[in-house]
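Undergrad: Sending over data.cif (mmCIF, N, CA and C atoms).
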```
data_query
loop_
_atom_site.label_atom_id
_atom_site.label_comp_id
_atom_site.auth_asym_id
_atom_site.auth_seq_id
_atom_site.Cartn_x
_atom_site.Cartn_y
_atom_site.Cartn_z
N ALA A 1 0.84 -1.19 0.00
CA ALA A 1 0.00 0.00 0.00
C ALA A 1 0.88 1.24 0.00
N THR A 2 0.37 2.31 -0.56
CA THR A 2 1.05 3.60 -0.60
C THR A 2 0.25 4.59 0.23
N THR A 3 0.94 5.39 1.04
CA THR A 3 0.26 6.35 1.90
C THR A 3 0.80 7.75 1.65
N LYS A 4 -0.09 8.73 1.61
CA LYS A 4 0.28 10.14 1.44
C LYS A 4 -0.44 10.94 2.52
N LEU A 5 0.21 12.03 2.99
CA LEU A 5 -0.38 12.90 4.01
C LEU A 5 -0.33 14.33 3.53
N PHE A 6 -1.46 15.05 3.71
CA PHE A 6 -1.57 16.44 3.28
C PHE A 6 -2.15 17.28 4.42
N ALA A 7 -1.67 18.49 4.58
CA ALA A 7 -2.27 19.43 5.53
C ALA A 7 -3.41 20.17 4.83
N ILE A 8 -4.51 20.36 5.54
CA ILE A 8 -5.63 21.13 5.01
C ILE A 8 -5.66 22.46 5.77
N LYS A 9 -5.53 23.55 5.02
CA LYS A 9 -5.48 24.87 5.66
C LYS A 9 -6.71 25.73 5.38
N THR A 10 -7.45 25.45 4.29
CA THR A 10 -8.56 26.33 3.95
C THR A 10 -9.82 25.62 3.44
N THR A 11 -9.73 24.45 2.91
CA THR A 11 -10.87 23.84 2.22
C THR A 11 -11.35 22.56 2.90
N GLU A 12 -11.40 22.57 4.21
CA GLU A 12 -11.76 21.36 4.95
C GLU A 12 -13.14 20.83 4.56
N VAL A 13 -14.15 21.68 4.49
CA VAL A 13 -15.50 21.21 4.17
C VAL A 13 -15.54 20.63 2.75
N LYS A 14 -14.80 21.21 1.82
CA LYS A 14 -14.75 20.67 0.45
C LYS A 14 -14.06 19.31 0.43
N ALA A 15 -12.97 19.19 1.20
CA ALA A 15 -12.26 17.90 1.26
C ALA A 15 -13.14 16.83 1.87
N LEU A 16 -13.86 17.17 2.94
CA LEU A 16 -14.78 16.21 3.56
C LEU A 16 -15.89 15.81 2.59
N ALA A 17 -16.45 16.78 1.88
CA ALA A 17 -17.50 16.48 0.91
C ALA A 17 -16.97 15.57 -0.20
N TYR A 18 -15.75 15.82 -0.64
CA TYR A 18 -15.15 14.99 -1.69
C TYR A 18 -15.02 13.54 -1.22
N ILE A 19 -14.45 13.33 -0.03
CA ILE A 19 -14.23 11.94 0.38
C ILE A 19 -15.52 11.24 0.74
N ALA A 20 -16.58 12.00 1.08
CA ALA A 20 -17.86 11.40 1.44
C ALA A 20 -18.77 11.15 0.25
N ASN A 21 -18.34 11.48 -0.95
CA ASN A 21 -19.16 11.36 -2.15
C ASN A 21 -19.79 9.96 -2.22
N PRO A 22 -21.13 9.88 -2.25
CA PRO A 22 -21.81 8.58 -2.29
C PRO A 22 -21.43 7.73 -3.50
N GLU A 23 -21.08 8.36 -4.62
CA GLU A 23 -20.69 7.61 -5.81
C GLU A 23 -19.35 6.91 -5.63
N LYS A 24 -18.55 7.38 -4.68
CA LYS A 24 -17.24 6.79 -4.43
C LYS A 24 -17.25 5.83 -3.23
N THR A 25 -18.27 5.95 -2.37
CA THR A 25 -18.31 5.21 -1.10
C THR A 25 -19.46 4.21 -1.01
N ASP A 26 -19.91 3.71 -2.16
CA ASP A 26 -21.02 2.76 -2.21
C ASP A 26 -22.24 3.31 -1.46
N GLY A 27 -22.63 4.52 -1.86
CA GLY A 27 -23.81 5.14 -1.26
C GLY A 27 -23.62 5.57 0.18
N GLY A 28 -22.39 5.73 0.60
CA GLY A 28 -22.10 6.11 1.98
C GLY A 28 -21.89 4.94 2.92
N ARG A 29 -22.03 3.72 2.38
CA ARG A 29 -21.86 2.51 3.20
C ARG A 29 -20.44 2.36 3.72
N LEU A 30 -19.47 2.91 2.99
CA LEU A 30 -18.06 2.73 3.34
C LEU A 30 -17.48 3.96 4.03
N ILE A 31 -18.27 4.54 4.94
CA ILE A 31 -17.86 5.69 5.72
C ILE A 31 -17.93 5.33 7.20
N PHE A 32 -16.95 5.79 7.95
CA PHE A 32 -16.93 5.63 9.40
C PHE A 32 -16.39 6.91 10.00
N THR A 33 -17.01 7.39 11.06
CA THR A 33 -16.53 8.61 11.71
C THR A 33 -16.31 8.37 13.20
N TYR A 34 -15.47 9.21 13.76
CA TYR A 34 -15.19 9.16 15.19
C TYR A 34 -15.23 10.58 15.74
N GLY A 35 -16.14 10.85 16.65
CA GLY A 35 -16.20 12.15 17.30
C GLY A 35 -16.80 13.25 16.45
N CYS A 36 -17.40 12.88 15.33
CA CYS A 36 -17.99 13.89 14.45
C CYS A 36 -19.12 13.24 13.64
N SER A 37 -19.88 14.09 12.99
CA SER A 37 -21.00 13.65 12.16
C SER A 37 -20.51 12.96 10.89
N SER A 38 -21.38 12.14 10.31
CA SER A 38 -21.07 11.56 9.00
C SER A 38 -21.49 12.48 7.86
N ASP A 39 -22.14 13.60 8.19
CA ASP A 39 -22.46 14.63 7.22
C ASP A 39 -21.24 15.55 7.10
N PRO A 40 -20.66 15.70 5.91
CA PRO A 40 -19.42 16.47 5.76
C PRO A 40 -19.47 17.90 6.30
N ALA A 41 -20.55 18.63 6.02
CA ALA A 41 -20.65 20.02 6.50
C ALA A 41 -20.71 20.06 8.02
N GLN A 42 -21.48 19.15 8.60
CA GLN A 42 -21.57 19.10 10.06
C GLN A 42 -20.26 18.62 10.67
N ALA A 43 -19.59 17.67 10.03
CA ALA A 43 -18.30 17.20 10.53
C ALA A 43 -17.30 18.35 10.60
N SER A 44 -17.29 19.20 9.58
CA SER A 44 -16.40 20.35 9.60
C SER A 44 -16.74 21.28 10.77
N ARG A 45 -18.03 21.47 11.02
CA ARG A 45 -18.45 22.30 12.17
C ARG A 45 -18.06 21.62 13.48
N ASP A 46 -18.17 20.30 13.53
CA ASP A 46 -17.76 19.55 14.73
C ASP A 46 -16.26 19.73 14.98
N PHE A 47 -15.46 19.65 13.91
CA PHE A 47 -14.01 19.87 14.03
C PHE A 47 -13.76 21.28 14.54
N GLU A 48 -14.46 22.26 13.97
CA GLU A 48 -14.28 23.66 14.36
C GLU A 48 -14.62 23.88 15.83
N ALA A 49 -15.66 23.23 16.31
CA ALA A 49 -16.05 23.38 17.72
C ALA A 49 -14.92 22.92 18.65
N VAL A 50 -14.24 21.86 18.28
CA VAL A 50 -13.11 21.38 19.09
C VAL A 50 -11.94 22.35 18.96
N ARG A 51 -11.67 22.81 17.74
CA ARG A 51 -10.56 23.76 17.55
C ARG A 51 -10.79 25.05 18.33
N ALA A 52 -12.05 25.45 18.50
CA ALA A 52 -12.36 26.68 19.21
C ALA A 52 -11.87 26.64 20.66
N GLY A 53 -11.72 25.45 21.21
CA GLY A 53 -11.21 25.30 22.57
C GLY A 53 -9.71 25.22 22.66
N GLY A 54 -9.03 25.27 21.50
CA GLY A 54 -7.57 25.18 21.48
C GLY A 54 -6.91 26.54 21.55
N THR A 55 -5.65 26.59 21.21
CA THR A 55 -4.88 27.83 21.32
C THR A 55 -5.06 28.75 20.13
N GLY A 56 -5.47 28.20 18.98
CA GLY A 56 -5.63 29.02 17.78
C GLY A 56 -4.31 29.44 17.16
N LEU A 57 -3.23 28.80 17.56
CA LEU A 57 -1.90 29.19 17.09
C LEU A 57 -1.47 28.49 15.81
N ASN A 58 -2.27 27.59 15.28
CA ASN A 58 -1.88 26.82 14.11
C ASN A 58 -2.73 27.20 12.90
N THR A 59 -2.14 27.24 11.73
CA THR A 59 -2.88 27.55 10.51
C THR A 59 -3.44 26.30 9.84
N VAL A 60 -3.06 25.13 10.30
CA VAL A 60 -3.55 23.87 9.73
C VAL A 60 -4.85 23.49 10.43
N LEU A 61 -5.91 23.30 9.65
CA LEU A 61 -7.21 22.91 10.21
C LEU A 61 -7.26 21.42 10.50
N SER A 62 -6.83 20.64 9.53
CA SER A 62 -6.90 19.19 9.67
C SER A 62 -5.85 18.56 8.77
N GLN A 63 -5.72 17.25 8.90
CA GLN A 63 -4.78 16.46 8.11
C GLN A 63 -5.59 15.48 7.27
N HIS A 64 -5.10 15.19 6.08
CA HIS A 64 -5.78 14.27 5.16
C HIS A 64 -4.76 13.23 4.72
N PHE A 65 -5.03 11.98 5.03
CA PHE A 65 -4.14 10.96 4.48
C PHE A 65 -4.92 10.00 3.61
N ILE A 66 -4.20 9.48 2.63
CA ILE A 66 -4.76 8.56 1.66
C ILE A 66 -3.89 7.31 1.66
N GLN A 67 -4.51 6.15 1.72
CA GLN A 67 -3.78 4.90 1.58
C GLN A 67 -4.39 4.15 0.40
N SER A 68 -3.56 3.87 -0.59
CA SER A 68 -4.00 3.19 -1.81
C SER A 68 -3.46 1.77 -1.84
N PHE A 69 -4.30 0.87 -2.31
CA PHE A 69 -3.95 -0.54 -2.41
C PHE A 69 -3.89 -0.94 -3.88
N LYS A 70 -3.13 -1.96 -4.17
CA LYS A 70 -3.04 -2.47 -5.54
C LYS A 70 -4.39 -3.06 -5.95
N PRO A 71 -4.71 -3.03 -7.24
CA PRO A 71 -5.97 -3.64 -7.69
C PRO A 71 -6.08 -5.09 -7.21
N GLY A 72 -7.20 -5.43 -6.60
CA GLY A 72 -7.45 -6.78 -6.13
C GLY A 72 -6.77 -7.14 -4.83
N GLU A 73 -6.00 -6.22 -4.24
CA GLU A 73 -5.26 -6.53 -3.02
C GLU A 73 -6.16 -6.64 -1.79
N ILE A 74 -7.28 -5.90 -1.79
CA ILE A 74 -8.09 -5.82 -0.58
C ILE A 74 -9.55 -5.56 -0.98
N THR A 75 -10.47 -6.06 -0.17
CA THR A 75 -11.88 -5.76 -0.40
C THR A 75 -12.20 -4.39 0.23
N PRO A 76 -13.23 -3.74 -0.23
CA PRO A 76 -13.60 -2.46 0.39
C PRO A 76 -13.90 -2.60 1.89
N GLU A 77 -14.56 -3.69 2.25
CA GLU A 77 -14.89 -3.92 3.66
C GLU A 77 -13.63 -4.09 4.51
N ARG A 78 -12.66 -4.82 3.98
CA ARG A 78 -11.39 -5.00 4.72
C ARG A 78 -10.63 -3.67 4.78
N ALA A 79 -10.69 -2.88 3.70
CA ALA A 79 -10.04 -1.57 3.70
C ALA A 79 -10.63 -0.68 4.80
N LEU A 80 -11.94 -0.77 5.00
CA LEU A 80 -12.59 -0.01 6.07
C LEU A 80 -12.04 -0.44 7.43
N GLU A 81 -11.89 -1.73 7.62
CA GLU A 81 -11.33 -2.23 8.88
C GLU A 81 -9.87 -1.79 9.05
N VAL A 82 -9.09 -1.85 7.98
CA VAL A 82 -7.70 -1.39 8.02
C VAL A 82 -7.65 0.09 8.39
N GLY A 83 -8.54 0.88 7.80
CA GLY A 83 -8.60 2.30 8.11
C GLY A 83 -8.91 2.55 9.58
N LYS A 84 -9.86 1.81 10.11
CA LYS A 84 -10.19 1.94 11.54
C LYS A 84 -8.99 1.57 12.41
N GLU A 85 -8.32 0.47 12.05
CA GLU A 85 -7.15 0.03 12.81
C GLU A 85 -6.04 1.08 12.78
N LEU A 86 -5.80 1.67 11.60
CA LEU A 86 -4.80 2.73 11.49
C LEU A 86 -5.15 3.92 12.38
N CYS A 87 -6.41 4.32 12.34
CA CYS A 87 -6.84 5.46 13.14
C CYS A 87 -6.73 5.16 14.63
N GLU A 88 -7.09 3.95 15.03
CA GLU A 88 -6.96 3.58 16.45
C GLU A 88 -5.50 3.60 16.88
N LYS A 89 -4.62 3.07 16.02
CA LYS A 89 -3.21 2.98 16.36
C LYS A 89 -2.55 4.36 16.44
N PHE A 90 -2.82 5.22 15.47
CA PHE A 90 -2.10 6.48 15.39
C PHE A 90 -2.85 7.66 16.03
N LEU A 91 -4.16 7.64 16.01
CA LEU A 91 -4.91 8.76 16.58
C LEU A 91 -5.34 8.49 18.02
N LYS A 92 -5.34 7.23 18.43
CA LYS A 92 -5.54 6.79 19.81
C LYS A 92 -6.77 7.36 20.50
N GLY A 93 -7.82 7.61 19.74
CA GLY A 93 -9.02 8.15 20.34
C GLY A 93 -8.90 9.60 20.78
N GLU A 94 -7.83 10.26 20.36
CA GLU A 94 -7.57 11.64 20.79
C GLU A 94 -7.96 12.68 19.74
N TYR A 95 -8.31 12.24 18.53
CA TYR A 95 -8.65 13.17 17.44
C TYR A 95 -9.92 12.71 16.76
N GLN A 96 -10.76 13.66 16.36
CA GLN A 96 -11.92 13.36 15.54
C GLN A 96 -11.42 12.94 14.16
N TYR A 97 -12.14 12.03 13.53
CA TYR A 97 -11.77 11.69 12.16
C TYR A 97 -12.96 11.25 11.34
N PHE A 98 -12.79 11.38 10.04
CA PHE A 98 -13.77 10.99 9.03
C PHE A 98 -13.04 10.06 8.07
N LEU A 99 -13.47 8.81 8.01
CA LEU A 99 -12.84 7.77 7.20
C LEU A 99 -13.78 7.38 6.08
N ALA A 100 -13.27 7.32 4.85
CA ALA A 100 -14.08 6.92 3.70
C ALA A 100 -13.27 6.02 2.79
N ILE A 101 -13.89 4.97 2.31
CA ILE A 101 -13.27 4.05 1.36
C ILE A 101 -13.83 4.37 -0.02
N HIS A 102 -12.93 4.56 -0.99
CA HIS A 102 -13.35 4.84 -2.37
C HIS A 102 -13.17 3.59 -3.22
N THR A 103 -14.22 3.30 -4.00
CA THR A 103 -14.21 2.12 -4.87
C THR A 103 -14.47 2.50 -6.32
N ASP A 104 -14.28 3.77 -6.65
CA ASP A 104 -14.60 4.26 -8.00
C ASP A 104 -13.44 4.14 -8.99
N THR A 105 -12.32 3.58 -8.56
CA THR A 105 -11.17 3.39 -9.44
C THR A 105 -10.83 1.90 -9.47
N ASP A 106 -9.81 1.54 -10.23
CA ASP A 106 -9.42 0.13 -10.29
C ASP A 106 -8.70 -0.33 -9.02
N HIS A 107 -8.36 0.61 -8.16
CA HIS A 107 -7.71 0.26 -6.89
C HIS A 107 -8.51 0.88 -5.73
N THR A 108 -8.81 0.06 -4.75
CA THR A 108 -9.49 0.55 -3.55
C THR A 108 -8.51 1.43 -2.79
N HIS A 109 -9.02 2.53 -2.26
CA HIS A 109 -8.17 3.40 -1.44
C HIS A 109 -9.01 4.03 -0.35
N LEU A 110 -8.34 4.38 0.73
CA LEU A 110 -9.03 4.99 1.84
C LEU A 110 -8.55 6.42 2.04
N HIS A 111 -9.47 7.25 2.50
CA HIS A 111 -9.18 8.63 2.85
C HIS A 111 -9.53 8.81 4.32
N VAL A 112 -8.67 9.49 5.06
CA VAL A 112 -8.98 9.88 6.43
C VAL A 112 -8.66 11.36 6.56
N ILE A 113 -9.62 12.11 7.05
CA ILE A 113 -9.38 13.50 7.42
C ILE A 113 -9.58 13.56 8.93
N PHE A 114 -8.53 14.02 9.62
CA PHE A 114 -8.64 14.12 11.07
C PHE A 114 -8.31 15.53 11.53
N ASN A 115 -8.99 15.92 12.60
CA ASN A 115 -8.82 17.26 13.14
C ASN A 115 -7.38 17.44 13.60
N ASN A 116 -6.86 18.64 13.44
CA ASN A 116 -5.49 18.93 13.85
C ASN A 116 -5.40 19.27 15.33
N CYS A 117 -6.53 19.30 16.01
CA CYS A 117 -6.58 19.67 17.42
C CYS A 117 -7.08 18.47 18.22
N LEU A 118 -6.48 18.23 19.37
CA LEU A 118 -6.91 17.15 20.25
C LEU A 118 -8.38 17.26 20.59
N LEU A 119 -9.05 16.13 20.62
CA LEU A 119 -10.47 16.10 20.97
C LEU A 119 -10.69 16.46 22.43
N TYR A 120 -9.82 15.97 23.29
CA TYR A 120 -9.92 16.23 24.72
C TYR A 120 -8.60 16.84 25.18
N THR A 121 -8.68 17.81 26.03
CA THR A 121 -7.46 18.38 26.58
C THR A 121 -7.35 18.01 28.05
N SER A 122 -6.15 17.73 28.47
CA SER A 122 -5.90 17.40 29.87
C SER A 122 -5.64 18.69 30.63
N PRO A 123 -6.07 18.76 31.88
CA PRO A 123 -5.78 19.96 32.65
C PRO A 123 -4.27 20.08 32.86
N SER A 124 -3.78 21.29 32.83
CA SER A 124 -2.36 21.51 33.06
C SER A 124 -2.12 21.50 34.57
N PRO A 125 -0.87 21.29 35.01
CA PRO A 125 -0.57 21.27 36.45
C PRO A 125 -1.05 22.54 37.16
N ARG A 126 -1.01 23.68 36.48
CA ARG A 126 -1.45 24.91 37.14
C ARG A 126 -2.97 24.95 37.30
N ASP A 127 -3.68 24.02 36.67
CA ASP A 127 -5.13 23.95 36.83
C ASP A 127 -5.52 23.05 38.00
N GLY A 128 -4.55 22.64 38.78
CA GLY A 128 -4.82 21.83 39.96
C GLY A 128 -4.64 20.34 39.76
N ALA A 129 -4.20 19.92 38.57
CA ALA A 129 -3.96 18.49 38.34
C ALA A 129 -2.69 18.07 39.06
N THR A 130 -2.65 16.83 39.48
CA THR A 130 -1.45 16.31 40.14
C THR A 130 -0.82 15.26 39.29
N SER A 131 0.48 15.10 39.43
CA SER A 131 1.21 14.09 38.66
C SER A 131 1.19 12.78 39.35
#
```
Take the structure in the file and give it back as structure tokens.
TA:
Amino acid sequence: ATTKLFAIKTTEVKALAYIANPEKTDGGRLIFTYGCSSDPAQASRDFEAVRAGGTGLNTVLSQHFIQSFKPGEITPERALEVGKELCEKFLKGEYQYFLAIHTDTDHTHLHVIFNNCLLYTSPSPRDGATS
């Protein structure tokens, strides 16, 4: 498999709408989300709500990665499971994400867009937390 990563700085809702396209995702059957809506416009608003609680010091809204498989290497259903496993391993339940499997080409590929801001923030020591 080949993997690529891109920063999204301005067109998050367009990127989410692109990866959620029903013609590419078997009518939306091959979509999975974590911490956000499966509706692209609402997912972008969900991401924004979490970012609003952050520092606002970053110009990157979200990250987009694509993993492509060779033709016939994987079923769409297995690609969805692989995508979930990747997100669990690397995002560790700390980031919202939108996962979509595309089947409109000769090779199955997955798209994940994840928020650039942590879903949950831990209190800092000055907030009364103890080590």
Undergrad: List every residue of region 47-127 of chain A that DSSP, applied to the backbone, labels as helix (DSSP H, G or I), and write the result as an MDAnalysis selection string.
TA: chainID A and resid 47:51 76:91 125:127
Undergrad: Just want the 12 Å neighbourhood of Thr105 (chain A), counted on only C-alpha atoms, with same-chain residues fewer than 5 positions away dropped. Output as a PyMOL selection string.
TA: chain A and resi 23-25+68-72+76+110
Undergrad: Which of chain A counts as strand (DSSP E) under DSSP, as a ChimeraX atom specification please?
TA: /A:2-8,31-34,62-68,97-102,109-115
Undergrad: List, as a list in words, every residue that the PyMOL selection byres (((chain A and resi 48-65 and name CA) around 6) and name CA) selects in the file provided.
TA: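 So the PyMOL selection byres (((chain A and resi 48-65 and name CA) around 6) and name CA) ends up selecting Lys4, Leu5, Phe6, Ala7, Ile8, Lys9, Arg45, Asp46, Phe47, Ile66, His111, Val112, Ile113, Phe114, Asn115, Asn116 and Cys117 of chain A.
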Undergrad: Just how far from CA of Tyr120 (chain A) is CA of Tyr97 (chain A), in Å to one decimal?
TA: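 One can read the CA of Tyr97 (chain A) to CA of Tyr120 (chain A) distance as 13.5 Å.
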Undergrad: Have a look at CA of Phe32 (chain A) and CA of Asp106 (chain A) and let me know their distance in Å, one decimal.
TA: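 Distance reported for this atom pair: 21.8 Å.
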Undergrad: Taking the file as I've supplied it (selection: the PyMOL selection byres ((chain A and resi 101) around 8)), which residues are included? Please answer as a list of chain:residue names.
TA: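 Applying the PyMOL selection byres ((chain A and resi 101) around 8) to the structure shown produces A:Ile19, A:Ala20, A:Lys24, A:Thr25, A:Asp26, A:Arg29, A:Leu30, A:Ile31, A:Phe32, A:Pro76, A:Glu77, A:Ala79, A:Leu80, A:Phe98, A:Leu99, A:Ala100, A:His102, A:Thr103, A:Asp104, A:Thr108, A:His109, A:Leu110, A:His111, A:Val112.
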Undergrad: Please dump the current selection as a compact mmCIF listing (two decimals), in the coordinates of the input; keep N, CA and C atoms.
TA:
```
# COMPACT_ATOMS: atom_id res chain seq x y z
N ILE A 19 -14.45 13.33 -0.03
CA ILE A 19 -14.23 11.94 0.38
C ILE A 19 -15.52 11.24 0.74
N ALA A 20 -16.58 12.00 1.08
CA ALA A 20 -17.86 11.40 1.44
C ALA A 20 -18.77 11.15 0.25
N LYS A 24 -18.55 7.38 -4.68
CA LYS A 24 -17.24 6.79 -4.43
C LYS A 24 -17.25 5.83 -3.23
N THR A 25 -18.27 5.95 -2.37
CA THR A 25 -18.31 5.21 -1.10
C THR A 25 -19.46 4.21 -1.01
N ASP A 26 -19.91 3.71 -2.16
CA ASP A 26 -21.02 2.76 -2.21
C ASP A 26 -22.24 3.31 -1.46
N ARG A 29 -22.03 3.72 2.38
CA ARG A 29 -21.86 2.51 3.20
C ARG A 29 -20.44 2.36 3.72
N LEU A 30 -19.47 2.91 2.99
CA LEU A 30 -18.06 2.73 3.34
C LEU A 30 -17.48 3.96 4.03
N ILE A 31 -18.27 4.54 4.94
CA ILE A 31 -17.86 5.69 5.72
C ILE A 31 -17.93 5.33 7.20
N PHE A 32 -16.95 5.79 7.95
CA PHE A 32 -16.93 5.63 9.40
C PHE A 32 -16.39 6.91 10.00
N PRO A 76 -13.23 -3.74 -0.23
CA PRO A 76 -13.60 -2.46 0.39
C PRO A 76 -13.90 -2.60 1.89
N GLU A 77 -14.56 -3.69 2.25
CA GLU A 77 -14.89 -3.92 3.66
C GLU A 77 -13.63 -4.09 4.51
N ALA A 79 -10.69 -2.88 3.70
CA ALA A 79 -10.04 -1.57 3.70
C ALA A 79 -10.63 -0.68 4.80
N LEU A 80 -11.94 -0.77 5.00
CA LEU A 80 -12.59 -0.01 6.07
C LEU A 80 -12.04 -0.44 7.43
N PHE A 98 -12.79 11.38 10.04
CA PHE A 98 -13.77 10.99 9.03
C PHE A 98 -13.04 10.06 8.07
N LEU A 99 -13.47 8.81 8.01
CA LEU A 99 -12.84 7.77 7.20
C LEU A 99 -13.78 7.38 6.08
N ALA A 100 -13.27 7.32 4.85
CA ALA A 100 -14.08 6.92 3.70
C ALA A 100 -13.27 6.02 2.79
N HIS A 102 -12.93 4.56 -0.99
CA HIS A 102 -13.35 4.84 -2.37
C HIS A 102 -13.17 3.59 -3.22
N THR A 103 -14.22 3.30 -4.00
CA THR A 103 -14.21 2.12 -4.87
C THR A 103 -14.47 2.50 -6.32
N ASP A 104 -14.28 3.77 -6.65
CA ASP A 104 -14.60 4.26 -8.00
C ASP A 104 -13.44 4.14 -8.99
N THR A 108 -8.81 0.06 -4.75
CA THR A 108 -9.49 0.55 -3.55
C THR A 108 -8.51 1.43 -2.79
N HIS A 109 -9.02 2.53 -2.26
CA HIS A 109 -8.17 3.40 -1.44
C HIS A 109 -9.01 4.03 -0.35
N LEU A 110 -8.34 4.38 0.73
CA LEU A 110 -9.03 4.99 1.84
C LEU A 110 -8.55 6.42 2.04
N HIS A 111 -9.47 7.25 2.50
CA HIS A 111 -9.18 8.63 2.85
C HIS A 111 -9.53 8.81 4.32
N VAL A 112 -8.67 9.49 5.06
CA VAL A 112 -8.98 9.88 6.43
C VAL A 112 -8.66 11.36 6.56
```
Undergrad: By how many Å are atom C of Leu118 (chain A) and atom C of Gln67 (chain A) apart?
TA: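 It comes out at 24.4 Å.
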Undergrad: So, with only C-alpha atoms as the atoms that count, which of A:Phe90, A:Gly83, A:Cys36, A:Arg78 lies closest to Leu119 (chain A)?
TA: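 Among A:Phe90, A:Gly83, A:Cys36, A:Arg78, it is A:Cys36 that comes nearest to Leu119 (chain A).
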